[in-house]
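*Asks:* What follows is the file model07.cif, containing mmCIF, C-alpha atoms:
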data_data
loop_
_atom_site.label_atom_id
_atom_site.label_comp_id
_atom_site.auth_asym_id
_atom_site.auth_seq_id
_atom_site.Cartn_x
_atom_site.Cartn_y
_atom_site.Cartn_z
CA MET U 60 4.37 -2.74 14.06
CA ILE U 61 7.94 -3.60 13.08
CA ARG U 62 9.22 -1.22 10.40
CA PRO U 63 12.50 -2.51 8.95
CA SER U 64 14.73 0.03 7.24
CA ILE U 65 14.73 -0.15 3.46
CA GLN U 66 18.22 -0.89 2.14
CA PRO U 67 20.05 1.07 -0.61
CA ASP U 68 18.92 -0.12 -4.06
CA GLU U 69 16.40 -2.53 -2.49
CA LEU U 70 13.53 -3.24 -4.85
CA LEU U 71 10.09 -2.22 -3.62
CA ALA U 72 8.60 -5.54 -4.76
CA GLY U 73 10.88 -7.33 -2.31
CA TYR U 74 10.64 -4.79 0.51
CA TRP U 75 6.96 -5.09 1.34
CA PRO U 76 7.07 -8.94 1.65
CA ARG U 77 10.02 -8.53 4.04
CA VAL U 78 7.98 -6.11 6.14
CA ALA U 79 5.10 -8.59 6.13
CA ARG U 80 7.29 -11.54 7.15
CA TRP U 81 8.90 -9.58 9.97
CA ASN U 82 5.44 -8.79 11.32
CA GLY U 83 4.38 -12.43 11.31
CA PHE U 84 2.03 -12.16 8.35
CA GLU U 85 1.65 -15.38 6.33
CA LEU U 86 2.07 -14.64 2.62
CA THR U 87 0.07 -16.55 0.01
CA SER U 88 1.05 -17.32 -3.57
CA ASN U 89 -1.03 -14.35 -4.73
CA PRO U 90 1.09 -11.20 -4.31
CA THR U 91 -1.79 -8.76 -4.84
CA ASN U 92 -4.07 -10.32 -2.22
CA SER U 93 -1.22 -10.74 0.27
CA LYS U 94 -0.14 -7.12 -0.09
CA GLN U 95 -3.64 -5.72 0.26
CA GLN U 96 -4.53 -7.90 3.25
CA PHE U 97 -1.31 -7.16 5.10
CA LEU U 98 -1.31 -3.41 4.55
CA ALA U 99 -5.02 -3.14 5.31
CA GLN U 100 -4.56 -4.94 8.63
CA LYS U 101 -1.34 -3.32 9.79
CA SER U 102 -1.25 0.22 8.45
CA ALA U 103 -4.47 1.36 6.80
CA HIS U 104 -5.41 3.59 9.73
CA ILE U 105 -1.98 5.21 9.87
CA TYR U 106 -0.64 5.98 6.42
CA GLY U 107 -3.47 6.57 4.01
CA ALA U 108 -5.63 4.91 1.44
CA THR U 109 -3.25 3.47 -1.17
CA ASN U 110 -0.64 0.78 -0.77
CA ILE U 111 2.23 2.84 -2.16
CA ARG U 112 1.58 5.60 0.38
CA ARG U 113 1.39 3.11 3.25
CA LEU U 114 4.72 1.61 2.23
CA ALA U 115 6.25 5.08 1.94
CA GLY U 116 5.10 5.78 5.48
CA ILE U 117 6.58 2.50 6.74
CA ALA U 118 9.90 3.26 5.02
CA GLY U 119 9.89 6.85 6.31
CA MET U 120 10.11 8.38 2.83
CA SER U 121 7.92 10.39 0.50
CA VAL U 122 6.16 8.54 -2.29
CA GLN U 123 8.30 10.22 -4.95
CA GLU U 124 11.54 9.32 -3.12
CA LEU U 125 10.43 5.72 -2.62
CA VAL U 126 9.53 5.28 -6.27
CA ARG U 127 12.67 7.01 -7.57
CA GLN U 128 15.12 5.14 -5.34
CA HIS U 129 13.50 1.72 -4.98
CA SER U 130 11.57 0.93 -8.14
CA MET U 131 12.33 0.33 -11.81
CA LEU U 132 10.18 3.29 -12.90
CA PRO U 133 13.12 5.71 -13.41
CA PHE U 134 14.61 3.20 -15.86
CA SER U 135 11.44 2.09 -17.61
CA SER U 136 10.18 5.67 -18.10
CA SER U 137 13.53 7.25 -19.02
CA PHE U 138 12.80 7.40 -22.78
CA LEU U 139 9.04 7.85 -22.82
CA SER U 140 7.48 10.75 -24.64
CA THR U 141 6.80 13.83 -22.52
CA GLU U 142 3.08 13.09 -22.28
CA LYS U 143 3.53 9.44 -21.27
CA LYS U 144 6.34 10.31 -18.86
CA THR U 145 4.13 12.86 -17.09
CA GLN U 146 1.37 10.29 -16.85
CA ALA U 147 3.74 7.60 -15.48
CA TRP U 148 5.01 9.91 -12.71
CA SER U 149 1.65 11.44 -11.82
CA ASP U 150 0.05 10.83 -8.44
CA ARG U 151 -2.83 9.15 -10.23
CA ASN U 152 -0.54 6.28 -11.23
CA PHE U 153 0.58 5.77 -7.62
CA ASP U 154 -2.67 4.09 -6.65
CA ASP U 155 -3.28 0.38 -6.19
CA ALA U 156 -3.89 -0.18 -9.90
CA GLY U 157 -0.49 1.23 -10.84
CA PHE U 158 1.43 -0.44 -8.02
CA ALA U 159 2.56 -3.43 -10.10
CA SER U 160 4.20 -1.30 -12.79
CA ILE U 161 6.03 0.68 -10.12
CA ALA U 162 7.11 -1.99 -7.67
CA ILE U 163 8.45 -4.66 -10.02
CA LYS U 164 10.29 -4.97 -13.30
CA SER U 165 8.97 -3.38 -16.48
CA ASN U 166 7.68 -6.81 -17.53
CA SER U 167 6.17 -8.62 -14.56
CA GLY U 168 6.42 -11.95 -16.37
CA ASP U 169 10.22 -11.79 -16.39
CA PRO U 170 12.08 -13.94 -13.84
CA ALA U 171 13.95 -12.55 -10.84
CA PHE U 172 17.77 -12.52 -10.66
CA LEU U 173 20.04 -12.76 -7.64
CA CYS U 174 23.77 -12.79 -6.82
CA THR U 175 25.09 -15.50 -4.51
CA HIS U 176 27.97 -13.31 -3.28
CA CYS U 177 25.60 -10.43 -2.48
CA ILE U 178 23.40 -12.89 -0.54
CA GLU U 179 26.37 -14.04 1.51
CA GLU U 180 27.45 -10.48 2.28
CA ASP U 181 23.90 -9.40 3.16
CA VAL U 182 23.35 -12.32 5.54
CA ASN U 183 26.71 -11.77 7.23
CA THR U 184 26.16 -8.00 7.53
CA HIS U 185 22.42 -7.58 8.10
CA GLY U 186 21.21 -11.06 8.95
CA PHE U 187 18.93 -11.12 5.89
CA SER U 188 19.16 -10.71 2.11
CA PHE U 189 17.16 -8.44 -0.19
CA TRP U 190 16.38 -8.01 -3.89
CA ARG U 191 18.46 -5.41 -5.73
CA ARG U 192 17.28 -3.22 -8.60
CA LYS U 193 20.55 -3.39 -10.52
CA HIS U 194 20.26 -7.19 -10.77
CA GLN U 195 16.87 -6.89 -12.53
CA LEU U 196 18.01 -4.77 -15.48
CA PRO U 197 17.42 -6.43 -18.88
CA GLY U 198 20.53 -8.09 -20.26
CA ALA U 199 22.48 -7.55 -17.03
CA TYR U 200 23.24 -11.19 -16.34
CA TRP U 201 26.29 -10.35 -14.25
CA CYS U 202 26.84 -8.70 -10.87
CA MET U 203 29.24 -5.85 -11.55
CA THR U 204 30.29 -5.71 -7.89
CA HIS U 205 31.53 -9.30 -7.72
CA GLU U 206 32.16 -9.97 -11.45
CA CYS U 207 30.05 -13.14 -11.37
CA THR U 208 27.06 -14.49 -13.28
CA LEU U 209 23.69 -13.93 -11.66
CA ARG U 210 21.35 -16.78 -10.79
CA LEU U 211 17.82 -16.94 -12.19
CA GLN U 212 14.75 -17.90 -10.19
CA PRO U 213 12.17 -19.43 -12.59
CA GLY U 214 8.68 -17.96 -12.56
CA PRO U 215 7.33 -14.39 -12.54
CA ALA U 216 9.44 -11.95 -10.54
CA HIS U 217 6.56 -10.59 -8.45
CA VAL U 218 5.85 -14.11 -7.17
CA SER U 219 9.50 -15.04 -6.56
CA MET U 220 10.07 -11.85 -4.58
CA LEU U 221 7.55 -12.90 -1.96
CA ARG U 222 10.50 -14.86 -0.58
CA SER U 223 13.99 -13.58 0.12
CA PRO U 224 16.86 -14.29 -2.32
CA ASP U 225 18.62 -16.59 0.15
CA PHE U 226 15.47 -18.74 0.47
CA HIS U 227 15.50 -19.47 -3.28
CA PHE U 228 19.26 -19.99 -3.46
CA TYR U 229 19.52 -22.38 -0.50
CA SER U 230 16.48 -24.31 -1.75
CA GLY U 231 18.40 -25.12 -4.93
CA SER U 232 15.73 -23.82 -7.30
CA THR U 233 17.88 -21.21 -9.09
CA THR U 234 19.55 -21.77 -12.47
CA SER U 235 22.14 -20.03 -14.64
CA PRO U 236 20.56 -17.80 -17.32
CA LEU U 237 23.57 -18.21 -19.65
CA CYS U 238 24.06 -21.98 -19.40
CA GLY U 239 25.01 -23.37 -22.81
CA THR U 240 24.86 -20.01 -24.62
CA GLY U 241 28.60 -19.30 -24.73
CA ILE U 242 27.96 -15.65 -23.89
CA VAL U 243 30.73 -13.92 -21.94
CA LEU U 244 30.95 -10.50 -20.33
CA SER U 245 32.63 -8.21 -22.88
CA SER U 246 33.64 -4.56 -22.57
CA GLU U 247 30.71 -3.56 -24.79
CA ILE U 248 28.20 -5.38 -22.56
CA ARG U 249 29.80 -3.74 -19.54
CA ARG U 250 29.05 -0.35 -21.11
CA VAL U 251 25.40 -1.28 -21.58
CA ILE U 252 25.04 -2.39 -17.96
CA LYS U 253 26.79 0.73 -16.71
CA ILE U 254 24.53 3.01 -18.77
CA GLN U 255 21.42 1.21 -17.51
CA THR U 256 22.61 1.47 -13.91
CA ARG U 257 23.06 5.22 -14.38
CA LEU U 258 19.54 5.47 -15.81
CA LEU U 259 18.21 4.03 -12.53
CA SER U 260 19.53 7.13 -10.76
CA LEU U 261 17.81 9.68 -13.01
CA SER U 262 16.30 12.58 -11.13
CA LYS U 263 14.82 14.21 -14.22
CA PRO U 264 13.38 12.85 -17.48
CA LEU U 265 15.42 12.65 -20.67
CA ALA U 266 14.31 14.42 -23.85
CA ARG U 267 13.75 11.67 -26.40
CA GLU U 268 13.91 14.03 -29.37
CA ARG U 269 17.34 15.20 -28.23
CA ILE U 270 18.45 11.57 -27.78
CA HIS U 271 17.48 10.77 -31.38
CA TYR U 272 19.33 13.87 -32.56
CA LEU U 273 22.50 12.70 -30.78
CA VAL U 274 22.24 9.20 -32.28
CA ARG U 275 21.78 10.51 -35.83
CA ARG U 276 24.60 13.00 -35.53
CA LYS U 277 26.97 10.33 -34.19
CA ALA U 278 25.92 7.74 -36.78
CA ALA U 279 26.79 10.19 -39.58
CA GLU U 280 30.49 10.23 -38.62
CA PRO U 281 32.83 8.91 -41.35
CA ARG U 282 34.08 5.97 -39.27
CA PHE U 283 30.62 4.38 -39.34
CA ARG U 284 30.15 4.58 -43.12
CA GLN U 285 31.66 1.19 -43.91
CA ILE U 286 29.57 -0.78 -41.42
CA THR U 287 26.86 -1.72 -43.90
CA TYR U 288 25.80 -1.15 -47.50
CA ASP U 289 22.26 -0.21 -46.43
CA ARG U 290 22.53 2.87 -44.19
CA ARG U 291 18.97 2.37 -43.02
CA LYS U 292 20.18 -0.67 -41.04
CA LEU U 293 23.38 0.89 -39.75
CA LEU U 294 22.54 0.58 -36.05
CA SER U 295 21.39 -3.04 -36.24
CA GLU U 296 24.48 -4.06 -38.21
CA LEU U 297 26.77 -2.17 -35.84
CA VAL U 298 25.11 -3.70 -32.77
CA GLN U 299 25.33 -7.20 -34.20
CA LYS U 300 29.00 -6.69 -35.02
CA LYS U 301 29.93 -5.38 -31.56
CA PHE U 302 27.72 -7.47 -29.28
CA GLY U 303 26.92 -10.62 -31.22
CA LYS U 304 23.40 -11.70 -32.00
CA LYS U 305 22.92 -14.14 -29.09
CA TRP U 306 23.19 -11.69 -26.22
CA VAL U 307 21.18 -8.95 -27.97
CA GLU U 308 18.30 -11.32 -28.77
CA LEU U 309 18.35 -12.58 -25.18
CA ALA U 310 18.41 -9.07 -23.68
CA TYR U 311 16.14 -7.36 -26.24
CA PRO U 312 14.19 -9.96 -28.26
CA LYS U 313 12.60 -7.34 -30.54
CA ALA U 314 15.89 -5.73 -31.56
CA PHE U 315 16.21 -7.38 -34.97
CA ASN U 316 12.51 -7.56 -35.85
CA GLU U 317 11.61 -5.90 -39.16
CA PRO U 318 8.22 -4.28 -38.64
CA PHE U 319 8.59 -1.80 -41.51
CA SER U 320 8.40 -4.05 -44.58
CA TYR U 321 12.09 -4.98 -44.35
CA ARG U 322 13.21 -1.35 -44.67
CA TRP U 323 15.00 -1.43 -41.32
CA ARG U 324 14.88 -3.18 -37.94
CA THR U 325 13.38 -2.14 -34.62
CA ILE U 326 16.68 -1.02 -33.12
CA ASP U 327 17.28 1.21 -36.20
CA GLN U 328 14.26 3.39 -35.39
CA PRO U 329 16.21 6.30 -33.82
CA LEU U 330 17.68 6.92 -37.30
CA HIS U 331 14.29 7.25 -38.94
CA TYR U 332 11.46 7.98 -36.49
CA ASN U 333 10.77 9.77 -33.26
CA ASN U 334 8.90 6.70 -32.05
CA GLY U 335 10.74 5.30 -29.06
CA ILE U 336 12.28 1.91 -28.44
CA ALA U 337 12.83 0.11 -25.13
CA PRO U 338 15.38 1.56 -22.66
CA ILE U 339 17.59 -1.49 -23.19
CA GLY U 340 17.57 -0.65 -26.91
CA TYR U 341 18.79 2.91 -26.34
CA SER U 342 21.44 1.64 -23.92
CA ILE U 343 22.72 -0.82 -26.53
CA VAL U 344 22.76 1.86 -29.25
CA PHE U 345 24.72 4.33 -27.12
CA ALA U 346 27.15 1.62 -26.00
CA ALA U 347 27.75 0.73 -29.66
CA LEU U 348 28.28 4.31 -30.85
CA TRP U 349 30.30 5.63 -27.89
CA GLU U 350 33.39 4.00 -26.40
CA SER U 351 32.77 5.39 -22.91
CA ALA U 352 29.66 4.74 -20.83
CA ASP U 353 30.30 7.88 -18.77
CA GLU U 354 30.52 10.04 -21.90
CA ALA U 355 27.40 8.43 -23.38
CA PHE U 356 25.37 9.06 -20.23
CA ARG U 357 26.74 12.60 -19.91
CA LEU U 358 25.49 13.39 -23.40
CA MET U 359 22.13 11.76 -22.68
CA ASN U 360 21.66 13.90 -19.62
CA ALA U 361 23.44 17.08 -20.75
CA ALA U 362 21.63 20.37 -21.01
CA ASP U 363 24.19 21.96 -23.36
CA VAL U 364 23.68 19.57 -26.29
CA PRO U 365 22.20 21.54 -29.21
CA ALA U 366 18.56 20.69 -29.69
CA PRO U 367 16.94 20.23 -33.12
CA LYS U 368 15.07 23.22 -34.50
CA SER U 369 11.76 21.40 -34.48
CA TRP U 370 10.14 18.47 -32.71
CA ASP U 371 10.04 16.63 -36.06
CA LEU U 372 13.64 15.52 -36.59
CA ARG U 373 12.73 13.81 -39.83
CA LEU U 374 12.33 17.22 -41.42
CA ASN U 375 15.10 19.15 -39.71
CA ASN U 376 17.93 16.69 -39.13
CA PRO U 377 20.88 17.86 -41.31
CA ASP U 378 22.10 14.27 -41.75
CA LYS U 379 18.77 12.85 -42.87
CA ARG U 380 19.30 13.49 -46.60
CA ALA U 381 22.78 11.96 -46.52
CA LEU U 382 21.43 8.83 -44.84
CA LYS U 383 18.57 8.59 -47.33
CA ASN U 384 20.68 9.06 -50.47
CA PHE U 385 23.65 6.92 -49.41
CA PRO U 386 22.42 3.72 -51.16
CA ILE U 387 21.95 5.66 -54.42
CA HIS U 388 25.33 7.41 -54.47
CA SER U 389 27.17 4.23 -53.54
CA ARG U 390 25.97 2.28 -56.61
CA PRO U 391 28.23 1.83 -59.64
CA ARG U 392 28.13 4.61 -62.29
CA HIS U 393 26.47 7.14 -60.00
#
Step by step, read the file and then write its structure as structure tokens.

*Replies:*
Amino acid sequence: MIRPSIQPDELLAGYWPRVARWNGFELTSNPTNSKQQFLAQKSAHIYGATNIRRLAGIAGMSVQELVRQHSMLPFSSSFLSTEKKTQAWSDRNFDDAGFASIAIKSNSGDPAFLCTHCIEEDVNTHGFSFWRRKHQLPGAYWCMTHECTLRLQPGPAHVSMLRSPDFHFYSGSTTSPLCGTGIVLSSEIRRVIKIQTRLLSLSKPLARERIHYLVRRKAAEPRFRQITYDRRKLLSELVQKKFGKKWVELAYPKAFNEPFSYRWRTIDQPLHYNNGIAPIGYSIVFAALWESADEAFRLMNAADVPAPKSWDLRLNNPDKRALKNFPIHSRPRH
């Protein structure tokens, strides 16, 4: 059996089809059936019962290393609650049923993205191209290595990744995800992409309660007081002001939804609840509040940041009362 080396940052969803193609296996349009048939024929007797363990054996890595370095799970699980995070990283989730959530993007219905310059370099260097994790981050419509716009391959990512990136590009089926939008790469968007890229390299989970504490403490600084009249919507107003509504709605469609009877928007939740939002939402919030992506990620991942006294930040956050009473004190004759 031919066992090609897995490349740095190569996405697991694109690695196993490459192994199958190199071994002469004919892939069908059904990724699940193709994967199971190929691995059952070629490696079931060698590497174990589940597909993720067989692929780890082919790549010469442990299951944990393979998932951490070549899947989107470190990013998608970075802000989960402790219980859900433990469940996501448990061995029980590394079976065939949990393979899809590990191997591909957080939303399997999303399209796949590729960089034409990376394809050219890969073909010239290795003789083949591969799918990169950093190109599949939500809202990251640019390759930060080559400062160019990524190309989009229509259709679900797990189906597109059955073929190599160069196959789709040379077939002329890719499109520009930003065509006609007028969106350009700004310094604020760069910060978001840089924070998300750092989240892909996490070796330990983040404490969501501590993250909310940092956001609330930063949002209470005097320089943010004039952003909006309604302090309950401070984050959404700040994000809209810094990033523009078009890119945010494209990267995080739920950001400006108002699920709480118009009291605040989804992206404002870290100011009010311990309920989490999507990782792209936290990345946008930190990029809006902090001017440096390195400083924002350092605080996210720091062990010396003071923790709240209790799990329930709504009761113990020292800035909560100020945020709640701001609309009252700011009215005339009060």

*Asks:* Can you measure CA of Leu98 in chain U to CA of Tyr229 in chain U for me? One decimal in Å is fine.

*Replies:*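 If I compute the distance from CA of Leu98 in chain U to CA of Tyr229 in chain U, I get 28.6 Å.
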
*Asks:* Could you give me the centre and size, in Å to one decimal, of an axis-aligned box around all listed atoms of range 228-245 of chain U with 8 Å added on every side, as lines of an AutoDock Vina configuration file?

*Replies:*
center_x = 24.2
center_y = -16.7
center_z = -12.6
size_x = 32.9
size_y = 32.9
size_z = 40.2

*Asks:* So what do you get for CA of Arg357 in chain U versus CA of Ser342 in chain U, distance-wise?

*Replies:*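 The value is 12.8 Å.
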
*Asks:* Select from range 166-229 of chain U every residue with an atom at most 12 Å from any atom of range 135-142 of chain U, then for each give the shortest pair of atoms and their distance in Å to one decimal, using only C-alpha atoms, rows by chain and rising number, as CSV.

*Replies:*
residue,atom,partner,partner_atom,distance
U:Asn166,CA,U:Ser135,CA,9.7
U:Arg192,CA,U:Ser135,CA,12.0
U:Gln195,CA,U:Ser135,CA,11.7
U:Leu196,CA,U:Ser135,CA,9.7
U:Pro197,CA,U:Ser135,CA,10.5

*Asks:* Select, from U:Val298, U:Ile248, U:Leu348, U:Ala310, the residue with the minimum atom-to-atom distance to Glu280 in chain U, counting all atoms listed in the file.

*Replies:*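 Closest to Glu280 in chain U of all the choices is U:Leu348.
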
*Asks:* Taking all atoms listed in the file into account, name the residue in U:Leu294, U:Glu354, U:Tyr288, U:Pro76 that is nearest to Ser219 in chain U.

*Replies:*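 Among U:Leu294, U:Glu354, U:Tyr288, U:Pro76, it is U:Pro76 that comes nearest to Ser219 in chain U.
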